[in-house]
Amino acid sequence: RRSLKIGLIPADGIGKEVIPAARQAIEALGSDIPKPEFIDLLAGWEVFTKTGVALPDETVDILRNECDCALFGSVSSPSRKVVGYSSPIVALRKKLDLYANIRPVVSVAPEVGQQPSVDLIVVRENTECLYVKQETQTEGEKGKEARATRVITEYASRRIGQMAFELANARPRKHLTIIHKSNVLSITDGLFRETVRAVPTLPAVAGKYDGVTIAEQLVDSAVYRLFREPEVFDVMVAPNLYGDIISDAAAALVGSLGLIPSINAGDNFVMGEPVHGSAPDIEGKGIANPLASIRSAALMLRHLGYVKGADRLDNAVDAVIRDGRILTPDLKGTSTTDEVLQAVLKQL
Ligand code: NAD
Ligand code: K
Ligand code: MN
């Protein structure tokens, strides 16, 4: 590759503040990656309020046909039902078949309040579960009744399971915990649990994961355990909703959601995305933490095989956190988004 075409979808709120920071960090990598070319793309609540469309076809087409990868910021999805609106990030994950959401949570500096010994990856299934968004409301005898469909398939559970085993196998501890609630939801979560457990016996991977130890934990006690003894976890694999919740919980262990990156990965495309949302409480103040987005850029580059560029970004971010002097208010600092970005660029 001579150039790397990166779709940029800042979307709403602090997405517009942190994605441009990630762009500058990527640009600072010079010849460690192919020359980056950025394509600005629209999606989100703001574009919906202007055009009635939250995910323009053009955005999907350009991502599919022209981009090598993408960076997504965050959307401001309303909590009430708005006719015609549907979350564009949920739709993008499905349209591009980005079936794995990979979310590493790592503590690098206990001295700035990070709980020590946290080094885990949440591997979240990204296309089904309750996020198929098949909801209905009817009028029952005693009032309104709302129902949601939860879809768990063998196909999706197997491929996320394979991804999780692959990641676990590549780590020193090689330990995989399957998160579920099949004591209550024995059919849906039961299928997830059994399918993931059976991955090592698939003919295509026979023997490959012999070194991986497998544990399992009910989702509620997994959150409890995460707070009591996070060091027991290495790779955690979960259905969509549990994976979403567990990774926000894990973020608290290292001080802020503003530190946690992710990639949405499929077999043919990867999209980096900070785990956090659009943070309306701090939007427009210039104090959003850009480190989750810079780390998301690193994860995206690493996934594409640009290990040197990814390592440089990660090392620069870690150095800024360890130094502890230039941090945004979410980490009890007094610096701005731009000051933190400048500190990262200086490290680079
Ligand atoms: P949030 O992640 O936006 O914010 C939670 C808390 O963390 C807030 O106090 C916020 O200020 C803080 N925070 C988050 N990111 C930060 C950063 N980079 N730097 C400093 N502080 C940060 O979650 P929420 O408040 O529950 O949701 C707000 C909006 O975001 C909602 O409309 C929701 O739909 C949307 N959302 C979008 C995505 C996505 O785009 N994938 C994910 C989660 C939430
Ligand atoms: K996000
Ligand atoms: Mn979330």
# chains A, B, ... in the order shown; residues from 1 in each chain; ligands from 1
call {"tool": "closest_atom_pairs", "arguments": {"of": "chain A", "to": "ligand 3", "cutoff": "8 Å", "atoms": "only C-alpha atoms and all ligand atoms", "output": "tab-separated table"}}
result
residue	atom	partner	partner_atom_place_in_ligand_line	distance
A:Asp244	CA	ligand 3	1 (Mn)	4.9
A:Ile245	CA	ligand 3	1 (Mn)	6.6
A:Ser247	CA	ligand 3	1 (Mn)	7.7
A:Asp248	CA	ligand 3	1 (Mn)	6.6
A:Val275	CA	ligand 3	1 (Mn)	6.0
A:His276	CA	ligand 3	1 (Mn)	6.3
A:Gly277	CA	ligand 3	1 (Mn)	6.9
call {"tool": "write_last_selection", "arguments": {"atoms": "C-alpha atoms", "output": "CSV table (one decimal), in the first residue's frame"}}
result
chain,number,residue,atom,x,y,z
A,244,ASP,CA,-21.3,-3.2,26.2
A,245,ILE,CA,-22.0,-2.9,30.0
A,247,SER,CA,-16.5,-2.6,29.2
A,248,ASP,CA,-17.9,0.6,30.6
A,275,VAL,CA,-15.9,3.2,23.8
A,276,HIS,CA,-17.4,6.4,25.3
A,277,GLY,CA,-20.4,8.3,24.0
call {"tool": "residues_around", "arguments": {"residues": "stretch 200-202 of chain A", "least_positions_apart": "4", "cutoff": "12 Å", "atoms": "only C-alpha atoms", "output": "list in words"}}
result
Arg158, Arg159, Gly161, Gln162, Met163, Ala164, Phe165, Glu166, Asn169, Leu176, Glu194, Thr195, Val196, Ala206, Gly207, Lys208, Tyr209, Asp210, Gly211, Val212, Thr213 and Ile214 of chain A
call {"tool": "closest_atom_pairs", "arguments": {"of": "chain A", "to": "ligand 1", "cutoff": "6 Å", "atoms": "only C-alpha atoms and all ligand atoms", "output": "tab-separated table"}}
result
residue	atom	partner	partner_atom_place_in_ligand_line	distance
A:Ser74	CA	ligand 1	40 (O)	3.2
A:Val75	CA	ligand 1	40 (O)	4.0
A:Ser76	CA	ligand 1	32 (O)	3.5
A:Ser77	CA	ligand 1	34 (O)	3.9
A:Pro78	CA	ligand 1	32 (O)	5.3
A:Ile89	CA	ligand 1	41 (N)	6.0
A:Leu257	CA	ligand 1	15 (N)	5.2
A:Gly258	CA	ligand 1	18 (N)	3.5
A:His276	CA	ligand 1	2 (O)	3.6
A:Gly277	CA	ligand 1	3 (O)	3.2
A:Ser278	CA	ligand 1	30 (O)	4.1
A:Ala279	CA	ligand 1	3 (O)	3.3
A:Pro280	CA	ligand 1	28 (C)	5.9
A:Asp281	CA	ligand 1	11 (O)	5.3
A:Ile282	CA	ligand 1	11 (O)	5.3
A:Ala288	CA	ligand 1	19 (N)	3.8
A:Asn289	CA	ligand 1	19 (N)	3.7
A:Pro290	CA	ligand 1	18 (N)	5.8
A:Asp330	CA	ligand 1	20 (C)	5.0
call {"tool": "write_last_selection", "arguments": {"atoms": "N, CA and C atoms", "output": "PDB file, in the first residue's frame"}}
result
ATOM      1  N   SER A  74     -18.637   9.476  18.156  1.00  0.00           N
ATOM      2  CA  SER A  74     -19.759   9.062  19.002  1.00  0.00           C
ATOM      3  C   SER A  74     -21.019   9.755  18.536  1.00  0.00           C
ATOM      4  N   VAL A  75     -22.139   9.090  18.745  1.00  0.00           N
ATOM      5  CA  VAL A  75     -23.411   9.689  18.348  1.00  0.00           C
ATOM      6  C   VAL A  75     -24.222  10.062  19.577  1.00  0.00           C
ATOM      7  N   SER A  76     -25.049  11.095  19.424  1.00  0.00           N
ATOM      8  CA  SER A  76     -25.954  11.503  20.495  1.00  0.00           C
ATOM      9  C   SER A  76     -27.332  10.924  20.229  1.00  0.00           C
ATOM     10  N   SER A  77     -27.510   9.647  20.554  1.00  0.00           N
ATOM     11  CA  SER A  77     -28.818   9.049  20.311  1.00  0.00           C
ATOM     12  C   SER A  77     -29.768   9.427  21.435  1.00  0.00           C
ATOM     13  N   PRO A  78     -30.968   9.921  21.076  1.00  0.00           N
ATOM     14  CA  PRO A  78     -31.914  10.307  22.120  1.00  0.00           C
ATOM     15  C   PRO A  78     -32.457   9.080  22.860  1.00  0.00           C
ATOM     16  N   ILE A  89     -24.392   4.023  14.434  1.00  0.00           N
ATOM     17  CA  ILE A  89     -23.250   3.151  14.729  1.00  0.00           C
ATOM     18  C   ILE A  89     -23.702   1.689  14.786  1.00  0.00           C
ATOM     19  N   LEU A 257     -13.686   6.527  31.190  1.00  0.00           N
ATOM     20  CA  LEU A 257     -14.119   6.035  29.878  1.00  0.00           C
ATOM     21  C   LEU A 257     -13.307   6.704  28.768  1.00  0.00           C
ATOM     22  N   GLY A 258     -12.775   7.857  29.070  1.00  0.00           N
ATOM     23  CA  GLY A 258     -12.007   8.614  28.082  1.00  0.00           C
ATOM     24  C   GLY A 258     -10.667   7.996  27.739  1.00  0.00           C
ATOM     25  N   HIS A 276     -16.487   5.420  24.684  1.00  0.00           N
ATOM     26  CA  HIS A 276     -17.407   6.397  25.269  1.00  0.00           C
ATOM     27  C   HIS A 276     -18.404   6.955  24.260  1.00  0.00           C
ATOM     28  N   GLY A 277     -19.434   7.625  24.788  1.00  0.00           N
ATOM     29  CA  GLY A 277     -20.438   8.276  23.963  1.00  0.00           C
ATOM     30  C   GLY A 277     -20.096   9.732  23.703  1.00  0.00           C
ATOM     31  N   SER A 278     -21.123  10.525  23.398  1.00  0.00           N
ATOM     32  CA  SER A 278     -20.903  11.898  22.947  1.00  0.00           C
ATOM     33  C   SER A 278     -20.765  12.895  24.099  1.00  0.00           C
ATOM     34  N   ALA A 279     -20.908  12.400  25.342  1.00  0.00           N
ATOM     35  CA  ALA A 279     -20.668  13.183  26.560  1.00  0.00           C
ATOM     36  C   ALA A 279     -21.272  14.586  26.531  1.00  0.00           C
ATOM     37  N   PRO A 280     -22.598  14.701  26.464  1.00  0.00           N
ATOM     38  CA  PRO A 280     -23.224  16.034  26.394  1.00  0.00           C
ATOM     39  C   PRO A 280     -22.867  16.929  27.574  1.00  0.00           C
ATOM     40  N   ASP A 281     -22.507  16.325  28.708  1.00  0.00           N
ATOM     41  CA  ASP A 281     -22.174  17.147  29.888  1.00  0.00           C
ATOM     42  C   ASP A 281     -20.898  17.962  29.725  1.00  0.00           C
ATOM     43  N   ILE A 282     -20.004  17.544  28.820  1.00  0.00           N
ATOM     44  CA  ILE A 282     -18.760  18.315  28.636  1.00  0.00           C
ATOM     45  C   ILE A 282     -18.558  18.779  27.197  1.00  0.00           C
ATOM     46  N   ALA A 288     -12.575  17.275  26.541  1.00  0.00           N
ATOM     47  CA  ALA A 288     -12.753  15.824  26.373  1.00  0.00           C
ATOM     48  C   ALA A 288     -11.385  15.148  26.259  1.00  0.00           C
ATOM     49  N   ASN A 289     -11.280  13.998  26.860  1.00  0.00           N
ATOM     50  CA  ASN A 289     -10.032  13.247  26.815  1.00  0.00           C
ATOM     51  C   ASN A 289      -9.859  12.614  25.420  1.00  0.00           C
ATOM     52  N   PRO A 290      -8.792  12.970  24.714  1.00  0.00           N
ATOM     53  CA  PRO A 290      -8.617  12.425  23.358  1.00  0.00           C
ATOM     54  C   PRO A 290      -7.900  11.069  23.341  1.00  0.00           C
ATOM     55  N   ASP A 330     -11.368  14.483  33.564  1.00  0.00           N
ATOM     56  CA  ASP A 330     -11.885  13.145  33.902  1.00  0.00           C
ATOM     57  C   ASP A 330     -10.834  12.334  34.656  1.00  0.00           C
TER      58      ASP A 330
END
call {"tool": "atom_distance", "arguments": {"atom1": "atom CA of A:Ile246", "atom2": "atom CA of A:Asn268"}}
result
26.6 Å
call {"tool": "closest_residue", "arguments": {"among": "A:Glu154, A:Asp267, A:Asp68, A:Glu273", "to": "ligand 2", "atoms": "only C-alpha atoms and all ligand atoms"}}
result
A:Glu273
call {"tool": "residues_around", "arguments": {"residues": "stretch 34-42 of chain A", "least_positions_apart": "5", "cutoff": "7 Å", "atoms": "only C-alpha atoms", "output": "list in words"}}
result
Arg1, Arg2, Ser3, Leu4, Lys5, Ile6, Gly7, Leu8, Ile9, Ala11, Glu27, Val47 and Thr59 of chain A
call {"tool": "residues_around", "arguments": {"residues": "A:Gln134", "least_positions_apart": "4", "cutoff": "8 Å", "atoms": "only C-alpha atoms", "output": "JSON, numbers by chain"}}
result
{"A": [130, 148, 149]}
call {"tool": "select_by_dssp", "arguments": {"residues": "stretch 81-185 of chain A", "states": "strand (DSSP E or B)", "output": "PyMOL selection string"}}
result
chain A and resi 100-106+119-125+129+135-140+143-148+151+175-180
call {"tool": "closest_residue", "arguments": {"among": "A:Leu259, A:Thr153, A:Pro203, A:Lys142", "to": "ligand 2", "atoms": "only C-alpha atoms and all ligand atoms"}}
result
A:Leu259
call {"tool": "closest_residue", "arguments": {"among": "A:Arg80, A:Arg228, A:Arg103, A:His180", "to": "A:Leu120", "atoms": "only C-alpha atoms"}}
result
A:Arg103
call {"tool": "closest_residue", "arguments": {"among": "A:Arg197, A:Arg64, A:Gly272, A:Ala25", "to": "ligand 2", "atoms": "only C-alpha atoms and all ligand atoms"}}
result
A:Gly272
call {"tool": "atom_distance", "arguments": {"atom1": "atom CA of A:Val184", "atom2": "atom CA of A:Lys81"}}
result
29.1 Å
call {"tool": "select_by_dssp", "arguments": {"residues": "stretch 199-344 of chain A", "states": "helix (DSSP H, G or I)", "output": "JSON, numbers by chain"}}
result
{"A": [199, 200, 201, 203, 204, 205, 219, 220, 221, 222, 223, 224, 225, 226, 227, 228, 230, 231, 232, 240, 241, 242, 243, 244, 245, 246, 247, 248, 249, 250, 251, 252, 253, 257, 258, 259, 291, 292, 293, 294, 295, 296, 297, 298, 299, 300, 301, 302, 303, 307, 308, 309, 310, 311, 312, 313, 314, 315, 316, 317, 318, 319, 320, 321, 322, 323, 329, 330, 331, 337, 338, 339, 340, 341, 342, 343, 344]}
call {"tool": "atom_distance", "arguments": {"atom1": "atom CA of A:Asn101", "atom2": "atom CA of A:Ser87"}}
result
16.3 Å
call {"tool": "closest_residue", "arguments": {"among": "A:Phe233, A:Val132, A:Phe227, A:Gln217", "to": "A:Lys174", "atoms": "only C-alpha atoms"}}
result
A:Phe233
call {"tool": "residues_around", "arguments": {"residues": "A:Thr188", "least_positions_apart": "5", "cutoff": "10 Å", "atoms": "only C-alpha atoms", "output": "PDB file with C-alpha atoms, in the first residue's frame"}}
result
ATOM      1  CA  CYS A 129     -28.489  -9.998  20.937  1.00  0.00           C
ATOM      2  CA  ARG A 150     -33.113 -11.169  21.636  1.00  0.00           C
ATOM      3  CA  VAL A 151     -31.327 -13.040  18.889  1.00  0.00           C
ATOM      4  CA  ILE A 152     -28.378 -15.363  19.534  1.00  0.00           C
ATOM      5  CA  THR A 153     -27.203 -17.499  16.617  1.00  0.00           C
ATOM      6  CA  GLU A 154     -24.708 -20.317  16.457  1.00  0.00           C
ATOM      7  CA  HIS A 180     -23.362 -15.333  30.067  1.00  0.00           C
ATOM      8  CA  LYS A 181     -26.518 -15.722  32.132  1.00  0.00           C
ATOM      9  CA  SER A 182     -27.546 -19.199  31.044  1.00  0.00           C
ATOM     10  CA  ARG A 193     -22.002 -20.495  25.991  1.00  0.00           C
ATOM     11  CA  PRO A 239     -22.965 -11.301  23.880  1.00  0.00           C
TER      12      PRO A 239
END
